[in-house]
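So this one's structure_24.tsv, TSV, C-alpha atoms:
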```
chain	number	residue	atom	x	y	z
A	1	MET	CA	-10.26	-21.52	38.03
A	2	PRO	CA	-9.90	-20.82	34.28
A	3	ILE	CA	-11.83	-17.78	33.02
A	4	THR	CA	-15.14	-18.49	31.29
A	5	ILE	CA	-15.13	-16.94	27.83
A	6	PRO	CA	-18.49	-15.82	26.37
A	7	GLU	CA	-19.69	-17.75	23.32
A	8	SER	CA	-21.74	-17.06	20.21
A	9	VAL	CA	-23.86	-19.53	18.25
A	10	LEU	CA	-22.84	-20.07	14.62
A	11	SER	CA	-25.70	-19.76	12.16
A	12	SER	CA	-25.27	-22.84	9.98
A	13	SER	CA	-24.34	-25.45	12.60
A	14	ARG	CA	-25.76	-24.04	15.86
A	15	GLN	CA	-22.43	-24.83	17.52
A	16	LYS	CA	-20.97	-22.46	20.11
A	17	MET	CA	-17.80	-20.52	19.34
A	18	PRO	CA	-15.81	-18.86	22.17
A	19	LEU	CA	-15.61	-15.12	21.42
A	20	LEU	CA	-11.92	-14.91	22.23
A	21	GLY	CA	-9.41	-17.23	20.63
A	22	MET	CA	-5.67	-17.62	20.29
A	23	GLY	CA	-3.93	-17.24	16.95
A	24	THR	CA	-0.92	-19.42	16.21
A	25	ALA	CA	0.81	-17.58	13.35
A	26	ALA	CA	4.19	-16.21	14.41
A	27	SER	CA	6.52	-13.91	12.49
A	28	PRO	CA	9.16	-15.22	12.28
A	29	PRO	CA	7.86	-18.78	12.91
A	30	LEU	CA	8.76	-20.35	16.25
A	31	PRO	CA	10.20	-23.86	16.65
A	32	PRO	CA	7.32	-26.39	16.93
A	33	HIS	CA	8.17	-27.36	20.53
A	34	GLN	CA	7.94	-23.70	21.65
A	35	THR	CA	4.58	-23.30	19.93
A	36	GLN	CA	3.30	-26.50	21.53
A	37	ALA	CA	4.43	-25.43	25.01
A	38	ALA	CA	2.75	-22.02	24.65
A	39	LEU	CA	-0.51	-23.61	23.49
A	40	VAL	CA	-0.55	-26.06	26.40
A	41	GLU	CA	-0.03	-23.10	28.75
A	42	ALA	CA	-2.90	-21.28	27.02
A	43	ILE	CA	-5.23	-24.24	27.58
A	44	LYS	CA	-4.10	-24.34	31.22
A	45	ILE	CA	-5.13	-20.72	31.82
A	46	GLY	CA	-8.48	-20.97	30.05
A	47	TYR	CA	-8.17	-20.58	26.26
A	48	ARG	CA	-10.50	-22.93	24.41
A	49	HIS	CA	-10.47	-21.50	20.88
A	50	PHE	CA	-7.39	-21.87	18.63
A	51	ASP	CA	-6.79	-20.57	15.12
A	52	THR	CA	-4.30	-22.18	12.75
A	53	ALA	CA	-3.85	-22.57	8.99
A	54	SER	CA	-1.97	-24.83	6.62
A	55	LEU	CA	0.24	-21.86	5.72
A	56	TYR	CA	1.25	-21.17	9.35
A	57	ARG	CA	2.80	-24.63	9.82
A	58	THR	CA	1.34	-24.70	13.32
A	59	GLU	CA	-1.26	-27.42	12.77
A	60	HIS	CA	1.05	-30.18	13.99
A	61	PRO	CA	2.20	-28.40	17.21
A	62	LEU	CA	-1.44	-27.47	17.93
A	63	GLY	CA	-2.46	-31.11	17.53
A	64	GLN	CA	0.38	-32.12	19.84
A	65	ALA	CA	-0.73	-29.51	22.39
A	66	VAL	CA	-4.29	-30.89	22.32
A	67	ALA	CA	-2.96	-34.42	22.91
A	68	GLU	CA	-0.75	-33.19	25.77
A	69	ALA	CA	-3.61	-31.23	27.36
A	70	LEU	CA	-5.75	-34.38	27.29
A	71	SER	CA	-3.00	-36.52	28.79
A	72	LEU	CA	-2.43	-33.94	31.56
A	73	GLY	CA	-6.16	-33.78	32.31
A	74	LEU	CA	-6.35	-30.06	31.46
A	75	ILE	CA	-9.40	-30.93	29.35
A	76	LYS	CA	-11.56	-34.03	29.54
A	77	SER	CA	-12.35	-34.16	25.83
A	78	ARG	CA	-11.22	-32.66	22.54
A	79	ASP	CA	-14.84	-31.45	22.23
A	80	GLU	CA	-14.05	-28.78	24.85
A	81	LEU	CA	-11.90	-27.00	22.27
A	82	PHE	CA	-12.89	-24.96	19.20
A	83	ILE	CA	-10.29	-25.35	16.45
A	84	THR	CA	-10.14	-23.40	13.19
A	85	SER	CA	-7.91	-24.02	10.19
A	86	LYS	CA	-7.77	-22.46	6.73
A	87	LEU	CA	-7.59	-23.43	3.08
A	88	TRP	CA	-4.50	-21.98	1.39
A	89	CYS	CA	-4.73	-20.34	-2.05
A	90	SER	CA	-2.97	-23.19	-3.89
A	91	ASP	CA	-5.61	-25.61	-2.56
A	92	ALA	CA	-8.49	-23.23	-3.34
A	93	HIS	CA	-9.65	-25.32	-6.29
A	94	ALA	CA	-12.86	-27.37	-6.25
A	95	ASN	CA	-11.06	-30.74	-6.49
A	96	LEU	CA	-8.40	-29.91	-3.87
A	97	VAL	CA	-10.50	-28.58	-0.96
A	98	LEU	CA	-11.39	-31.96	0.55
A	99	PRO	CA	-7.83	-33.39	0.25
A	100	ALA	CA	-6.47	-30.17	1.83
A	101	LEU	CA	-8.79	-30.46	4.82
A	102	LYS	CA	-7.91	-34.15	5.22
A	103	LYS	CA	-4.22	-33.16	5.21
A	104	SER	CA	-4.89	-30.53	7.91
A	105	LEU	CA	-6.73	-33.13	10.00
A	106	GLN	CA	-3.76	-35.47	9.59
A	107	ASN	CA	-1.41	-32.71	10.78
A	108	LEU	CA	-3.67	-31.96	13.75
A	109	GLU	CA	-4.26	-35.67	14.45
A	110	LEU	CA	-7.97	-34.92	14.81
A	111	ASP	CA	-11.14	-36.42	13.35
A	112	TYR	CA	-12.74	-33.04	12.75
A	113	ILE	CA	-12.20	-29.31	13.15
A	114	ASP	CA	-14.82	-26.82	14.24
A	115	LEU	CA	-14.35	-24.21	11.52
A	116	TYR	CA	-12.71	-24.27	8.09
A	117	LEU	CA	-12.09	-20.96	6.31
A	118	ILE	CA	-11.07	-19.93	2.80
A	119	HIS	CA	-7.90	-18.01	3.72
A	120	TRP	CA	-8.03	-15.37	0.93
A	121	PRO	CA	-10.48	-14.77	-1.95
A	122	VAL	CA	-7.91	-15.77	-4.59
A	123	SER	CA	-6.46	-19.04	-5.88
A	124	SER	CA	-2.91	-19.85	-6.94
A	125	ARG	CA	-1.08	-22.53	-8.88
A	126	PRO	CA	-1.83	-25.94	-7.32
A	127	GLY	CA	0.94	-27.75	-5.48
A	128	VAL	CA	2.98	-24.65	-4.62
A	129	TYR	CA	2.88	-23.79	-0.91
A	130	GLU	CA	4.64	-20.48	-0.55
A	131	PHE	CA	4.16	-16.96	0.69
A	132	PRO	CA	4.45	-14.50	-0.85
A	133	ILE	CA	2.86	-16.05	-3.94
A	134	LYS	CA	4.71	-15.43	-7.22
A	135	GLU	CA	3.01	-12.92	-9.50
A	136	ASP	CA	2.61	-15.52	-12.28
A	137	ASP	CA	0.98	-18.05	-9.94
A	138	PHE	CA	-2.20	-16.11	-9.08
A	139	LEU	CA	-5.49	-17.40	-10.48
A	140	ALA	CA	-9.08	-16.21	-10.26
A	141	MET	CA	-11.02	-18.31	-7.77
A	142	ASP	CA	-13.95	-20.42	-8.92
A	143	PHE	CA	-16.02	-19.26	-5.95
A	144	LYS	CA	-18.97	-21.52	-6.71
A	145	GLY	CA	-16.84	-24.66	-7.15
A	146	VAL	CA	-14.68	-23.97	-4.09
A	147	TRP	CA	-17.64	-23.11	-1.88
A	148	SER	CA	-19.52	-26.22	-2.98
A	149	ALA	CA	-16.48	-28.29	-1.93
A	150	MET	CA	-16.39	-26.46	1.43
A	151	GLU	CA	-20.05	-27.36	1.92
A	152	GLU	CA	-19.23	-31.00	1.20
A	153	CYS	CA	-16.56	-30.89	3.94
A	154	GLN	CA	-19.23	-29.77	6.42
A	155	ARG	CA	-21.73	-32.38	5.24
A	156	LEU	CA	-19.10	-35.09	5.74
A	157	GLY	CA	-18.56	-33.90	9.33
A	158	LEU	CA	-14.87	-33.16	8.78
A	159	THR	CA	-15.60	-29.59	9.83
A	160	LYS	CA	-18.60	-28.47	11.84
A	161	SER	CA	-18.81	-25.03	10.21
A	162	ILE	CA	-17.36	-23.25	7.20
A	163	GLY	CA	-16.53	-19.63	6.48
A	164	VAL	CA	-14.19	-17.20	4.80
A	165	SER	CA	-11.37	-14.80	5.60
A	166	ASN	CA	-10.52	-11.42	4.06
A	167	PHE	CA	-13.82	-11.20	2.16
A	168	SER	CA	-15.50	-7.87	1.34
A	169	CYS	CA	-19.26	-7.27	1.43
A	170	LYS	CA	-19.40	-7.82	-2.34
A	171	LYS	CA	-17.48	-11.10	-2.26
A	172	LEU	CA	-19.66	-12.34	0.60
A	173	SER	CA	-22.74	-11.38	-1.45
A	174	ASP	CA	-21.38	-13.41	-4.37
A	175	ILE	CA	-21.03	-16.48	-2.11
A	176	LEU	CA	-24.45	-15.97	-0.52
A	177	ALA	CA	-26.08	-15.84	-3.97
A	178	PHE	CA	-25.46	-19.57	-4.54
A	179	ALA	CA	-24.53	-20.98	-1.11
A	180	GLU	CA	-26.62	-23.86	0.23
A	181	ILE	CA	-24.75	-23.47	3.53
A	182	PRO	CA	-23.94	-19.78	4.14
A	183	PRO	CA	-20.57	-18.74	5.60
A	184	ALA	CA	-20.77	-18.78	9.41
A	185	VAL	CA	-17.73	-16.55	9.93
A	186	ASN	CA	-15.68	-13.91	8.09
A	187	GLN	CA	-12.22	-13.44	9.63
A	188	VAL	CA	-10.84	-9.99	8.81
A	189	GLU	CA	-8.72	-7.17	10.18
A	190	ILE	CA	-10.66	-5.29	12.86
A	191	ASN	CA	-9.25	-2.86	15.41
A	192	PRO	CA	-9.99	0.70	16.60
A	193	VAL	CA	-8.14	2.22	13.63
A	194	TRP	CA	-9.96	-0.04	11.13
A	195	ARG	CA	-13.43	-0.62	12.54
A	196	GLN	CA	-15.07	-2.15	9.45
A	197	ASN	CA	-18.40	-0.40	10.08
A	198	LYS	CA	-19.88	-1.29	6.67
A	199	LEU	CA	-18.82	-4.94	6.91
A	200	MET	CA	-20.07	-5.16	10.50
A	201	GLU	CA	-23.51	-3.97	9.44
A	202	PHE	CA	-23.59	-6.30	6.44
A	203	CYS	CA	-22.52	-9.40	8.41
A	204	LYS	CA	-24.91	-8.66	11.26
A	205	ASP	CA	-27.76	-8.48	8.74
A	206	LYS	CA	-26.71	-11.81	7.17
A	207	GLY	CA	-26.07	-13.68	10.43
A	208	ILE	CA	-22.33	-13.96	9.78
A	209	ILE	CA	-20.00	-13.57	12.77
A	210	LEU	CA	-17.00	-11.31	12.26
A	211	GLU	CA	-13.74	-12.54	13.69
A	212	ALA	CA	-10.96	-10.01	14.25
A	213	TYR	CA	-7.37	-10.67	13.44
A	214	ALA	CA	-4.79	-7.92	14.11
A	215	PRO	CA	-6.93	-6.45	16.94
A	216	LEU	CA	-3.75	-4.69	18.13
A	217	GLY	CA	-2.42	-3.77	14.69
A	218	ALA	CA	-0.07	-6.77	14.24
A	219	LYS	CA	2.99	-4.73	15.25
A	220	GLY	CA	6.17	-6.70	14.59
A	221	THR	CA	4.86	-8.59	11.55
A	222	ILE	CA	5.97	-7.84	7.99
A	223	TRP	CA	2.76	-5.90	7.30
A	224	GLY	CA	1.77	-4.72	10.79
A	225	SER	CA	1.80	-1.24	12.30
A	226	ASN	CA	2.19	0.54	15.65
A	227	ARG	CA	-0.79	2.80	14.80
A	228	VAL	CA	-3.06	0.96	17.26
A	229	LEU	CA	-0.80	0.52	20.29
A	230	GLU	CA	0.62	4.04	20.02
A	231	ASN	CA	-2.72	5.78	19.42
A	232	ASP	CA	-3.11	8.71	21.83
A	233	VAL	CA	-6.84	8.22	22.42
A	234	LEU	CA	-6.42	4.55	23.28
A	235	ASN	CA	-3.47	5.29	25.55
A	236	GLU	CA	-5.45	7.98	27.43
A	237	ILE	CA	-8.41	5.63	27.95
A	238	ALA	CA	-6.07	2.83	29.10
A	239	MET	CA	-4.32	5.08	31.61
A	240	ALA	CA	-7.61	6.39	33.01
A	241	LYS	CA	-9.00	2.85	33.42
A	242	GLY	CA	-5.85	1.23	34.74
A	243	LYS	CA	-5.82	-1.18	31.80
A	244	THR	CA	-3.36	-1.90	29.01
A	245	VAL	CA	-3.97	-0.50	25.51
A	246	ALA	CA	-4.30	-4.10	24.34
A	247	GLN	CA	-7.11	-4.72	26.84
A	248	ILE	CA	-8.93	-1.57	25.70
A	249	CYS	CA	-8.74	-2.74	22.07
A	250	LEU	CA	-9.93	-6.25	22.87
A	251	ARG	CA	-12.76	-5.01	25.09
A	252	TRP	CA	-13.85	-2.55	22.38
A	253	ALA	CA	-13.99	-5.36	19.78
A	254	HIS	CA	-15.87	-7.62	22.20
A	255	GLU	CA	-18.45	-4.89	22.77
A	256	GLN	CA	-19.00	-4.75	18.99
A	257	GLY	CA	-20.04	-8.41	19.07
A	258	VAL	CA	-16.85	-9.46	17.31
A	259	CYS	CA	-14.88	-12.63	18.04
A	260	VAL	CA	-11.29	-11.61	18.80
A	261	LEU	CA	-8.10	-13.53	18.02
A	262	VAL	CA	-5.12	-12.63	20.20
A	263	LYS	CA	-1.54	-13.61	19.50
A	264	SER	CA	0.96	-13.62	22.30
A	265	PHE	CA	2.96	-16.56	23.60
A	266	SER	CA	4.00	-14.60	26.71
A	267	LYS	CA	2.27	-16.14	29.76
A	268	GLU	CA	1.64	-12.73	31.35
A	269	ARG	CA	0.14	-11.25	28.18
A	270	MET	CA	-1.95	-14.37	27.59
A	271	LYS	CA	-3.50	-13.79	31.03
A	272	GLN	CA	-4.00	-10.05	30.40
A	273	ASN	CA	-5.73	-10.77	27.08
A	274	LEU	CA	-8.29	-12.91	28.91
A	275	ASP	CA	-8.97	-10.19	31.47
A	276	ILE	CA	-11.53	-8.22	29.43
A	277	PHE	CA	-14.88	-9.67	30.45
A	278	ASP	CA	-15.67	-8.24	33.90
A	279	TRP	CA	-15.54	-4.52	33.02
A	280	GLU	CA	-16.76	-2.30	30.20
A	281	LEU	CA	-16.05	0.90	28.33
A	282	SER	CA	-18.15	3.94	29.17
A	283	GLU	CA	-20.34	5.59	26.55
A	284	GLU	CA	-17.87	8.48	26.36
A	285	GLU	CA	-14.89	6.14	25.90
A	286	SER	CA	-16.70	4.25	23.12
A	287	ARG	CA	-17.55	7.56	21.45
A	288	LYS	CA	-13.91	8.64	21.51
A	289	ILE	CA	-12.84	5.33	19.93
A	290	SER	CA	-15.52	5.72	17.25
A	291	GLU	CA	-13.91	9.03	16.22
A	292	ILE	CA	-10.38	7.66	15.68
A	293	PRO	CA	-9.34	8.28	12.03
A	294	GLN	CA	-9.53	5.10	9.96
A	295	ILE	CA	-6.84	3.36	7.92
A	296	ARG	CA	-6.60	-0.26	6.78
A	297	ILE	CA	-3.33	-1.77	8.01
A	298	CYS	CA	-3.49	-5.08	6.11
A	299	ARG	CA	-3.96	-3.89	2.52
A	300	GLY	CA	-3.24	-7.33	1.10
A	301	GLU	CA	-0.41	-6.08	-1.11
A	302	ASN	CA	0.90	-9.65	-1.39
A	303	PHE	CA	-2.35	-10.69	-3.08
A	304	ILE	CA	-2.24	-8.04	-5.78
A	305	SER	CA	-0.64	-8.81	-9.16
A	306	ASN	CA	-0.27	-6.87	-12.39
A	307	LYS	CA	-1.51	-10.03	-14.10
A	308	GLY	CA	-4.66	-10.25	-11.95
A	309	PRO	CA	-7.12	-11.34	-10.79
A	310	PHE	CA	-6.69	-8.30	-8.48
A	311	THR	CA	-4.44	-5.57	-9.83
A	312	THR	CA	-5.14	-3.01	-7.08
A	313	ALA	CA	-6.09	-2.93	-3.40
A	314	GLU	CA	-9.40	-1.34	-4.47
A	315	GLU	CA	-10.20	-4.46	-6.53
A	316	LEU	CA	-9.16	-6.86	-3.78
A	317	TRP	CA	-11.36	-5.13	-1.19
A	318	ASP	CA	-14.05	-3.91	-3.64
A	319	GLY	CA	-13.45	-0.32	-2.61
A	320	GLU	CA	-13.64	-1.07	1.14
A	321	ILE	CA	-10.29	0.55	1.95
```

File written out as structure tokens:
Amino acid sequence: MPITIPESVLSSSRQKMPLLGMGTAASPPLPPHQTQAALVEAIKIGYRHFDTASLYRTEHPLGQAVAEALSLGLIKSRDELFITSKLWCSDAHANLVLPALKKSLQNLELDYIDLYLIHWPVSSRPGVYEFPIKEDDFLAMDFKGVWSAMEECQRLGLTKSIGVSNFSCKKLSDILAFAEIPPAVNQVEINPVWRQNKLMEFCKDKGIILEAYAPLGAKGTIWGSNRVLENDVLNEIAMAKGKTVAQICLRWAHEQGVCVLVKSFSKERMKQNLDIFDWELSEEESRKISEIPQIRICRGENFISNKGPFTTAEELWDGEI
């Protein structure tokens, strides 16, 4: 029997979001057929929440995996899945949001997605889909115009909920000041070496669910670090509990009320990442984790430009670094 993953109710739509999901970004990117096969396997063993983005180029293989899972009878309906995609910076313009979502739906071969996120709080020159973004191509985002277009996407039923990614408390406050539909989710880096205490408190107060990417430090990516997986405190706790360091990190995040995105296409690791719900950390173990020195791993250097709108990491994160 597939594992039952706990869910949380999103504020603006009242829909249920599984609190553990599978990310689909790979560095370097995998061939589409490999991605599709891994996602079908994930559905088979119990994953029901999948995170993609136009930038990742995994929307099409995810859509193919959904179709295959339906044809194999692994799920009875697409409605059993929770699917997130994201608006890339070059589409983060008021008139391009709706066409971008329609393009994502075309790639996924779906009528709707469950959650649509603004990928980063910055825009770039329209029509150019590349990462890293050229220094001359960055533009200040028209937050009000873009958010209004996101709201329209939800009203049209093309996405059930809307949210943001990589937003600080201040940038969330800016959105909340004019939003008719508040962001349901903020997807950010969260792990034991970057706990986001201030943002956690802010989002809890505003009814926004935090979703953790890089819960293991994103080791192996161009910006990731081994600081999490090689942390002595986490390794000691893992050894004492007979768990992996990854499981300790995921369980810790879950106990903070955070939705966690895991990223492994290895069948064994996919199973291990699901095995975090029938045990808990002791008070002493949680205290030790709360004392781990803090450092942001994803500083967003690729979104900083001498020409603005953000010339330093401090500006990008509004001092939350």

Checklist entry - Suppose you want the space between CA of Leu30 (chain A) and CA of Glu135 (chain A); what is it in Å? => result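 Here the two named atoms are 27.4 Å from each other.
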
Mind running region 36-98 of chain A against region 161-177 of chain A at 12 Å and telling me each contacting residue's nearest atom pair with the distance in Å (one decimal), counting all atoms listed in the file, chain and number ascending, as CSV?
```
residue,atom,partner,partner_atom,distance
A:Ala53,CA,A:Ser165,CA,11.3
A:Phe82,CA,A:Ser161,CA,10.8
A:Ile83,CA,A:Ser161,CA,10.6
A:Thr84,CA,A:Ser161,CA,9.3
A:Ser85,CA,A:Ile162,CA,9.9
A:Lys86,CA,A:Val164,CA,8.5
A:Leu87,CA,A:Val164,CA,9.2
A:Trp88,CA,A:Ser165,CA,10.8
A:Cys89,CA,A:Ser165,CA,11.5
A:Ala92,CA,A:Val164,CA,11.6
A:Val97,CA,A:Ile162,CA,11.9
```

Checklist entry - Mind pulling up the distance from CA of Gly207 (chain A) to CA of Ser11 (chain A)? => result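 Going from CA of Ser11 (chain A) over to CA of Gly207 (chain A), I get 6.3 Å.
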
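Distance-wise, CA of Leu261 (chain A) and CA of Ile190 (chain A) end up 10.1 Å apart.
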
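The nearest approach to Asn231 (chain A) among the residues A:Leu156, A:Val245, A:Val188, A:Val260, with only C-alpha atoms taken into account, belongs to A:Val245.
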
As lines of an AutoDock Vina configuration file, please: the centre and edge lengths in Å, to one decimal, of an axis-aligned box enclosing every listed atom of region 159-164 of chain A with 4 Å added on each side.
```
center_x = -16.5
center_y = -23.4
center_z = 8.3
size_x = 12.6
size_y = 20.4
size_z = 15.0
```

Item to check | Residues near region 125-128 of chain A, cut-off 7 Å, all atoms listed in the file, skip fewer than 6 positions along chain, as a PyMOL selection string | outcome: chain A and resi 90-91+137-139

Write out, as an mmCIF file, in the coordinates of the input, the residues just selected, with C-alpha atoms.
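Output below, filename part-v3.cif:
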```
data_model
loop_
_atom_site.group_PDB
_atom_site.id
_atom_site.type_symbol
_atom_site.label_atom_id
_atom_site.label_comp_id
_atom_site.auth_asym_id
_atom_site.auth_seq_id
_atom_site.Cartn_x
_atom_site.Cartn_y
_atom_site.Cartn_z
ATOM 1 C CA SER A 90 -2.970 -23.190 -3.890
ATOM 2 C CA ASP A 91 -5.610 -25.610 -2.560
ATOM 3 C CA ASP A 137 0.980 -18.050 -9.940
ATOM 4 C CA PHE A 138 -2.200 -16.110 -9.080
ATOM 5 C CA LEU A 139 -5.490 -17.400 -10.480
#
```

Next on the checklist: Please determine, counting all atoms listed in the file, which residue among A:Ser264, A:Leu72, A:Arg251, A:Arg155 has the shortest atom-to-atom distance to Ser27 (chain A).
Outcome noted: A:Ser264

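If you measure from each of A:Glu68, A:Glu201, A:Glu151, A:Glu109 to Gly257 (chain A) using all atoms listed in the file, the closest one turns out to be A:Glu201.
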
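Using all atoms listed in the file for every distance, the candidate list A:Asn107, A:Gly46, A:Arg299, A:Gln64 yields A:Arg299 as the residue closest to Gly319 (chain A).
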
Checklist entry - Could you pull the residues within 12 Å of Ala69 (chain A), counting only C-alpha atoms, minus those fewer than 6 positions along the same chain, as a VMD selection string? => result chain A and resid 36 to 48 62 to 63 75 to 78 80 to 81

Item to check | Top pick for closest residue to Glu291 (chain A), considering A:Pro182, A:Gly21, A:Pro61, A:Pro192 and counting all atoms listed in the file | outcome: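 Under the stated criterion, the closest residue is A:Pro192.
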
Checklist entry - Using all atoms listed in the file, which residue out of A:Ser290, A:Gln272, A:Asn235, A:Thr244 lies closest to Asn197 (chain A)? => result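 Looking at the shortest contact to Asn197 (chain A), the residue is A:Ser290.
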
Item to check | Shell of 10 Å around Lys243 (chain A), all atoms listed in the file, local chain residues under 4 positions omitted, as JSON, numbers by chain | outcome: {"A": [235, 237, 238, 239, 247, 248, 272, 275, 276]}
